[in-house]
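Shown here: upload_28.cif, mmCIF, C-alpha atoms.
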```cif
data_data
#
loop_
_atom_site.label_atom_id
_atom_site.label_comp_id
_atom_site.auth_asym_id
_atom_site.auth_seq_id
_atom_site.Cartn_x
_atom_site.Cartn_y
_atom_site.Cartn_z
CA MET A 13 114.32 118.57 -1.71
CA ASN A 14 115.02 115.81 -4.22
CA PRO A 15 115.16 116.88 -7.88
CA ILE A 16 112.34 116.68 -10.42
CA LEU A 17 112.84 114.33 -13.37
CA VAL A 18 111.59 115.54 -16.77
CA ILE A 19 111.15 112.65 -19.24
CA ASP A 20 110.52 113.65 -22.86
CA ASP A 21 112.10 112.75 -26.19
CA GLU A 22 111.78 116.37 -27.38
CA GLU A 23 114.88 118.26 -26.27
CA ARG A 24 113.13 121.62 -26.68
CA ILE A 25 110.35 120.61 -24.29
CA ARG A 26 112.78 119.25 -21.69
CA HIS A 27 114.88 122.40 -21.71
CA LEU A 28 111.86 124.70 -21.57
CA VAL A 29 110.35 122.87 -18.60
CA ARG A 30 113.73 122.74 -16.89
CA MET A 31 114.30 126.46 -17.34
CA TYR A 32 110.96 127.41 -15.77
CA LEU A 33 111.30 124.96 -12.89
CA GLU A 34 114.84 126.07 -12.09
CA ARG A 35 113.63 129.69 -12.04
CA GLU A 36 111.35 128.59 -9.19
CA GLY A 37 114.29 127.09 -7.32
CA TYR A 38 113.79 123.41 -8.18
CA SER A 39 116.62 121.06 -9.09
CA VAL A 40 115.89 119.24 -12.38
CA ASP A 41 117.23 116.13 -14.11
CA GLU A 42 116.37 115.03 -17.66
CA ALA A 43 115.83 111.76 -19.54
CA ASP A 44 115.09 111.55 -23.27
CA ASN A 45 113.38 108.15 -23.22
CA GLY A 46 111.59 105.81 -20.86
CA ARG A 47 114.43 103.33 -20.54
CA GLU A 48 116.87 106.00 -19.41
CA ALA A 49 114.25 107.35 -17.01
CA LEU A 50 113.71 103.99 -15.31
CA GLU A 51 117.47 103.57 -14.92
CA LYS A 52 117.75 107.00 -13.29
CA ILE A 53 114.81 106.31 -10.98
CA GLN A 54 116.46 103.10 -9.77
CA LYS A 55 119.62 104.99 -8.82
CA LYS A 56 118.21 108.23 -7.43
CA GLU A 57 115.22 109.53 -5.47
CA TYR A 58 113.04 112.15 -7.15
CA ALA A 59 110.43 114.50 -5.73
CA LEU A 60 108.21 114.36 -8.83
CA LEU A 61 108.15 112.94 -12.37
CA ILE A 62 106.98 114.76 -15.51
CA ILE A 63 106.46 112.06 -18.15
CA ASP A 64 105.72 112.35 -21.86
CA LEU A 65 103.52 109.48 -23.03
CA MET A 66 104.76 108.99 -26.58
CA MET A 67 108.47 108.12 -26.44
CA PRO A 68 110.76 105.63 -28.23
CA GLU A 69 112.04 102.40 -26.63
CA VAL A 70 109.87 102.58 -23.49
CA ASP A 71 106.76 104.79 -23.53
CA GLY A 72 105.26 106.85 -20.72
CA TRP A 73 102.56 104.28 -19.96
CA LYS A 74 105.18 101.69 -18.99
CA VAL A 75 107.24 104.18 -17.00
CA CYS A 76 104.17 105.16 -14.99
CA ARG A 77 103.12 101.53 -14.48
CA ASP A 78 106.60 100.42 -13.36
CA VAL A 79 107.02 103.37 -10.99
CA ARG A 80 103.61 102.82 -9.40
CA GLU A 81 104.49 99.22 -8.57
CA LYS A 82 107.15 100.52 -6.17
CA SER A 83 106.46 104.15 -5.33
CA ASP A 84 103.78 106.80 -4.71
CA ILE A 85 105.96 109.59 -6.14
CA PRO A 86 103.81 112.35 -7.76
CA ILE A 87 103.46 111.99 -11.55
CA ILE A 88 102.36 114.52 -14.16
CA MET A 89 101.80 113.16 -17.67
CA LEU A 90 102.42 115.20 -20.83
CA THR A 91 101.05 114.26 -24.22
CA ALA A 92 99.95 115.69 -27.55
CA ARG A 93 96.96 113.37 -27.39
CA GLY A 94 93.98 114.71 -25.50
CA GLU A 95 91.41 111.98 -25.95
CA GLU A 96 89.33 110.92 -22.95
CA PHE A 97 90.71 107.36 -23.18
CA ASP A 98 94.28 108.59 -22.66
CA ARG A 99 93.33 110.67 -19.62
CA VAL A 100 91.40 107.87 -17.97
CA LEU A 101 94.10 105.28 -18.68
CA GLY A 102 96.74 107.61 -17.30
CA PHE A 103 94.82 107.98 -14.04
CA GLU A 104 94.15 104.23 -13.93
CA LEU A 105 97.92 103.67 -14.06
CA GLY A 106 98.41 106.06 -11.16
CA ALA A 107 99.18 109.46 -12.69
CA ASP A 108 98.24 112.41 -10.49
CA ASP A 109 97.84 115.01 -13.20
CA TYR A 110 97.66 115.39 -16.97
CA LEU A 111 98.59 118.19 -19.40
CA VAL A 112 98.02 118.22 -23.15
CA LYS A 113 100.65 119.75 -25.43
CA PRO A 114 100.99 122.59 -26.18
CA PHE A 115 100.68 123.62 -22.55
CA SER A 116 101.29 126.77 -20.53
CA THR A 117 104.59 126.58 -18.64
CA LYS A 118 103.06 128.74 -15.90
CA GLU A 119 100.23 126.24 -15.52
CA LEU A 120 102.71 123.35 -15.39
CA VAL A 121 104.72 125.09 -12.66
CA ALA A 122 101.51 125.77 -10.70
CA ARG A 123 100.52 122.11 -10.88
CA VAL A 124 104.01 121.00 -9.86
CA LYS A 125 103.83 123.24 -6.79
CA ALA A 126 100.35 121.97 -5.88
CA LEU A 127 101.39 118.32 -6.14
CA LEU A 128 104.57 118.83 -4.14
CA ARG A 129 102.61 120.58 -1.39
CA ARG A 130 100.18 117.68 -1.22
CA SER A 131 102.79 114.93 -1.35
CA GLY A 132 104.82 116.69 1.33
CA GLY A 133 101.85 116.96 3.66
CA ASN A 134 101.20 120.71 3.59
CA ILE A 135 99.93 120.96 7.16
CA THR A 136 98.81 123.69 9.48
CA ALA A 137 99.76 123.49 13.14
CA ASN A 138 96.25 122.64 14.33
CA SER A 139 95.54 119.86 11.82
CA SER A 140 94.79 116.46 13.26
CA ASP A 141 94.63 112.81 12.33
CA LEU A 142 91.31 111.30 11.29
CA VAL A 143 90.24 108.01 12.87
CA TYR A 144 87.16 105.99 11.91
CA GLY A 145 87.16 102.56 13.52
CA SER A 146 90.28 100.75 12.34
CA LEU A 147 90.91 103.36 9.63
CA LYS A 148 93.47 106.04 10.45
CA ILE A 149 94.38 108.91 8.11
CA GLU A 150 97.45 110.87 9.22
CA LYS A 151 97.66 114.15 7.34
CA ASP A 152 101.06 115.22 8.69
CA LYS A 153 102.65 111.88 7.77
CA HIS A 154 100.63 111.47 4.57
CA ARG A 155 99.75 107.97 5.72
CA VAL A 156 96.67 105.74 5.67
CA SER A 157 96.41 102.54 7.70
CA ILE A 158 93.83 99.93 8.66
CA ASP A 159 94.56 98.10 11.92
CA GLU A 160 98.03 99.71 11.83
CA GLU A 161 98.77 98.18 8.42
CA GLN A 162 99.87 100.95 6.10
CA ILE A 163 98.27 101.39 2.66
CA THR A 164 100.06 103.20 -0.16
CA PHE A 165 98.15 105.97 -1.93
CA THR A 166 99.23 108.41 -4.61
CA PRO A 167 99.21 112.07 -3.49
CA ARG A 168 95.94 112.75 -5.33
CA GLU A 169 94.23 109.63 -3.94
CA PHE A 170 95.30 110.58 -0.43
CA GLU A 171 94.10 114.16 -0.79
CA LEU A 172 90.72 113.02 -2.11
CA LEU A 173 90.21 110.48 0.69
CA TYR A 174 91.33 112.93 3.35
CA PHE A 175 89.06 115.70 2.09
CA LEU A 176 85.99 113.46 2.08
CA ALA A 177 86.82 111.96 5.48
CA LYS A 178 87.37 115.43 6.95
CA ASN A 179 83.83 116.34 5.89
CA PRO A 180 81.85 113.26 6.99
CA SER A 181 78.32 112.73 5.65
CA ARG A 182 78.53 115.78 3.38
CA VAL A 183 77.85 115.07 -0.30
CA PHE A 184 80.16 116.60 -2.90
CA SER A 185 79.62 116.69 -6.63
CA ARG A 186 82.42 115.59 -8.92
CA GLU A 187 82.90 119.19 -10.00
CA GLN A 188 83.28 120.33 -6.37
CA LEU A 189 85.84 117.62 -5.71
CA MET A 190 87.83 118.56 -8.82
CA GLU A 191 87.89 122.22 -7.82
CA THR A 192 88.76 121.56 -4.18
CA VAL A 193 91.12 118.59 -4.35
CA TRP A 194 92.78 119.25 -7.70
CA GLY A 195 92.90 122.95 -6.94
CA TYR A 196 92.18 124.30 -10.42
CA ASP A 197 89.60 124.19 -13.19
CA PHE A 198 90.00 120.81 -14.86
CA TYR A 199 89.08 120.60 -18.51
CA GLY A 200 87.98 117.01 -18.54
CA ASP A 201 84.98 114.95 -17.56
CA ALA A 202 83.69 113.61 -14.26
CA ARG A 203 85.23 110.19 -14.88
CA THR A 204 88.50 111.57 -13.50
CA VAL A 205 86.99 111.59 -10.00
CA ASP A 206 85.31 108.22 -10.58
CA THR A 207 88.66 106.69 -11.53
CA HIS A 208 90.35 107.93 -8.36
CA VAL A 209 87.48 106.76 -6.14
CA LYS A 210 87.69 103.34 -7.77
CA LYS A 211 91.43 103.12 -7.04
CA ILE A 212 90.91 104.17 -3.42
CA ARG A 213 88.22 101.54 -2.90
CA GLU A 214 90.44 98.84 -4.38
CA LYS A 215 93.07 99.64 -1.75
CA LEU A 216 90.65 99.65 1.19
CA ALA A 217 90.51 95.89 1.67
CA ASP A 218 88.13 95.91 4.66
CA PRO A 219 84.55 95.87 3.22
CA LYS A 220 83.18 98.02 6.07
CA ILE A 221 85.92 100.62 5.59
CA ARG A 222 85.42 100.55 1.83
CA GLY A 223 81.70 101.07 2.35
CA MET A 224 82.27 104.41 4.03
CA LEU A 225 83.32 105.88 0.67
CA ALA A 226 79.78 106.05 -0.66
CA THR A 227 78.35 106.96 -4.04
CA VAL A 228 75.30 109.23 -4.02
CA TRP A 229 73.75 108.42 -7.37
CA GLY A 230 73.15 111.38 -9.61
CA VAL A 231 75.07 113.70 -7.28
CA GLY A 232 78.58 112.59 -6.34
CA TYR A 233 80.33 111.08 -3.32
CA LYS A 234 80.42 111.29 0.44
CA PHE A 235 82.29 109.73 3.35
CA ASP A 236 79.72 107.95 5.53
CA PRO A 237 81.04 106.97 9.01
CA GLU A 238 77.77 105.20 9.83
CA ALA A 239 78.54 102.54 7.20
CA ILE A 240 81.12 101.01 9.53
CA ASN A 241 78.34 100.05 11.96
CA GLU A 242 76.07 98.45 9.38
#
```
Show this structure as structure tokens.
Amino acid sequence: MNPILVIDDEERIRHLVRMYLEREGYSVDEADNGREALEKIQKKEYALLIIDLMMPEVDGWKVCRDVREKSDIPIIMLTARGEEFDRVLGFELGADDYLVKPFSTKELVARVKALLRRSGGNITANSSDLVYGSLKIEKDKHRVSIDEEQITFTPREFELLYFLAKNPSRVFSREQLMETVWGYDFYGDARTVDTHVKKIREKLADPKIRGMLATVWGVGYKFDPEAINE
């Protein structure tokens, strides 16, 4: 497996995260600012990025934005700021997860493992692809395509789309989606799910395909295969 890159201007935080991840068998690189991180990412492939938002020279927002223009690598953001605006903006830029300092190292490791399982296509032998008209979702390859044209999704976006499509016509509340797709109790608001649904819809260019990801007002979301025939 490629190493994990920890990007934080606090040496103590970097070393603490590195120690716990290496105990779990992961290889870890470090960068103490965003500029150094972007240089490393250009030269080397990483399995996952852990990015502090508030850094000198180049901040975490820009690192996340620049990475997302070229890659769907899993991203966890770290910050001492816990306001709703920061969480939503982080997800808008393509982050997959968010932890507020001070955080539990055990919780960070658990989230790293969950994201790596998802991004690697954690598949059972009897899992199958999902096909709805021209839309194809391949779980084992972690790939989405429309008319054979591949669409890039972040690990969390893919997992959310796949979960809904695997349970067609069933309505899920935002809280159910957070618990099932994110895999833990998320201490935030429902806009986290809304943000990810919005990003998925933006990437589904075909209006009929996009229409299958339906909002059930006052409840949550569902994947509606019948919408493709409307």
I want to know what sits within 12 Å of A:Glu169, based on all atoms listed in the file, with residues of the same chain fewer than 3 positions away left out; could you give that as a ChimeraX atom specification? /A:84-86,103-104,106-109,127,130-131,154-156,163-166,172-176,189,193-194,204-216
Show which residues sit within 9 Å of A:Asp159, as a short mmCIF file (atom, residue, chain, number, x, y, z; two decimals) with C-alpha atoms, in the coordinates of the input. Count only C-alpha atoms, and ignore same-chain residues fewer than 4 positions away.
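Output saved as out08.cif:
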```
data_model
loop_
_atom_site.label_atom_id
_atom_site.label_comp_id
_atom_site.auth_asym_id
_atom_site.auth_seq_id
_atom_site.Cartn_x
_atom_site.Cartn_y
_atom_site.Cartn_z
CA GLY A 145 87.16 102.56 13.52
CA SER A 146 90.28 100.75 12.34
CA LEU A 147 90.91 103.36 9.63
CA LYS A 148 93.47 106.04 10.45
#
```
If the PyMOL selection byres ((chain A and resi 60-67) around 7) were run on this exact file, what residues would it hold? Put them as number ranges by chain. A: 16-21, 45-46, 58-59, 68-73, 85-91
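Taking atom CA of A:Ser83 and atom CA of A:Pro167 as the two end points, the separation is 10.9 Å.
We find atom CA of A:Arg129 and atom CA of A:Ala226 to be spaced 27.1 Å apart.
The result of the PyMOL selection byres ((chain A and resi 38) around 9) on the shown file is Met13, Asn14, Pro15, Ile16, Arg30, Leu33, Glu34, Arg35, Glu36, Gly37, Ser39 and Val40 of chain A.
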Exercise on stretch 44-53 of chain A, axis-aligned box with 3 Å per side, report centre and edge lengths in Å to one decimal, as AutoDock Vina command-line options:
```
--center_x 114.7 --center_y 107.4 --center_z -17.1 --size_x 12.2 --size_y 14.2 --size_z 18.3
```
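Distance annotation: of A:Ala92, A:Leu50, A:Ile25, A:Val143, the residue with the minimal separation from A:Arg77 is A:Leu50; atom set is all atoms listed in the file.
If you look at atom CA of A:Glu161 and atom CA of A:Ala217, they are 10.9 Å away from each other.
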Convert the output of the PyMOL selection byres ((chain A and resi 236) around 12) on the shown file into explicit residues, formatted as a PDB file with C-alpha atoms, in the coordinates of the input.
```
ATOM      1  CA  TYR A 144      87.160 105.990  11.910  1.00  0.00           C
ATOM      2  CA  LEU A 173      90.210 110.480   0.690  1.00  0.00           C
ATOM      3  CA  LEU A 176      85.990 113.460   2.080  1.00  0.00           C
ATOM      4  CA  ALA A 177      86.820 111.960   5.480  1.00  0.00           C
ATOM      5  CA  LYS A 178      87.370 115.430   6.950  1.00  0.00           C
ATOM      6  CA  ASN A 179      83.830 116.340   5.890  1.00  0.00           C
ATOM      7  CA  PRO A 180      81.850 113.260   6.990  1.00  0.00           C
ATOM      8  CA  SER A 181      78.320 112.730   5.650  1.00  0.00           C
ATOM      9  CA  ARG A 182      78.530 115.780   3.380  1.00  0.00           C
ATOM     10  CA  VAL A 183      77.850 115.070  -0.300  1.00  0.00           C
ATOM     11  CA  LYS A 220      83.180  98.020   6.070  1.00  0.00           C
ATOM     12  CA  ILE A 221      85.920 100.620   5.590  1.00  0.00           C
ATOM     13  CA  ARG A 222      85.420 100.550   1.830  1.00  0.00           C
ATOM     14  CA  GLY A 223      81.700 101.070   2.350  1.00  0.00           C
ATOM     15  CA  MET A 224      82.270 104.410   4.030  1.00  0.00           C
ATOM     16  CA  LEU A 225      83.320 105.880   0.670  1.00  0.00           C
ATOM     17  CA  ALA A 226      79.780 106.050  -0.660  1.00  0.00           C
ATOM     18  CA  THR A 227      78.350 106.960  -4.040  1.00  0.00           C
ATOM     19  CA  VAL A 228      75.300 109.230  -4.020  1.00  0.00           C
ATOM     20  CA  TYR A 233      80.330 111.080  -3.320  1.00  0.00           C
ATOM     21  CA  LYS A 234      80.420 111.290   0.440  1.00  0.00           C
ATOM     22  CA  PHE A 235      82.290 109.730   3.350  1.00  0.00           C
ATOM     23  CA  PRO A 237      81.040 106.970   9.010  1.00  0.00           C
ATOM     24  CA  GLU A 238      77.770 105.200   9.830  1.00  0.00           C
ATOM     25  CA  ALA A 239      78.540 102.540   7.200  1.00  0.00           C
ATOM     26  CA  ILE A 240      81.120 101.010   9.530  1.00  0.00           C
ATOM     27  CA  ASN A 241      78.340 100.050  11.960  1.00  0.00           C
ATOM     28  CA  GLU A 242      76.070  98.450   9.380  1.00  0.00           C
TER      29      GLU A 242
END
```
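Of the residues under consideration (A:His27, A:Arg168, A:Arg186, A:Arg80), A:Arg80 shows the shortest atom-to-atom contact distance to A:Ile53 when counting all atoms listed in the file.
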Name the closest residue to A:Thr192 among the candidates A:Ile149, A:Val121, A:Ala126, A:Leu142; distances are taken between atoms, counting only C-alpha atoms. A:Ala126
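The closest residue to A:Met31, picked from A:Lys118, A:Glu171, A:Arg123, A:Gln188 and counting all atoms listed in the file, is A:Lys118.
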Pick the closest to A:Cys76 from A:Ala49, A:Glu57, A:Leu28, A:Leu105: which is it, counting only C-alpha atoms? A:Leu105
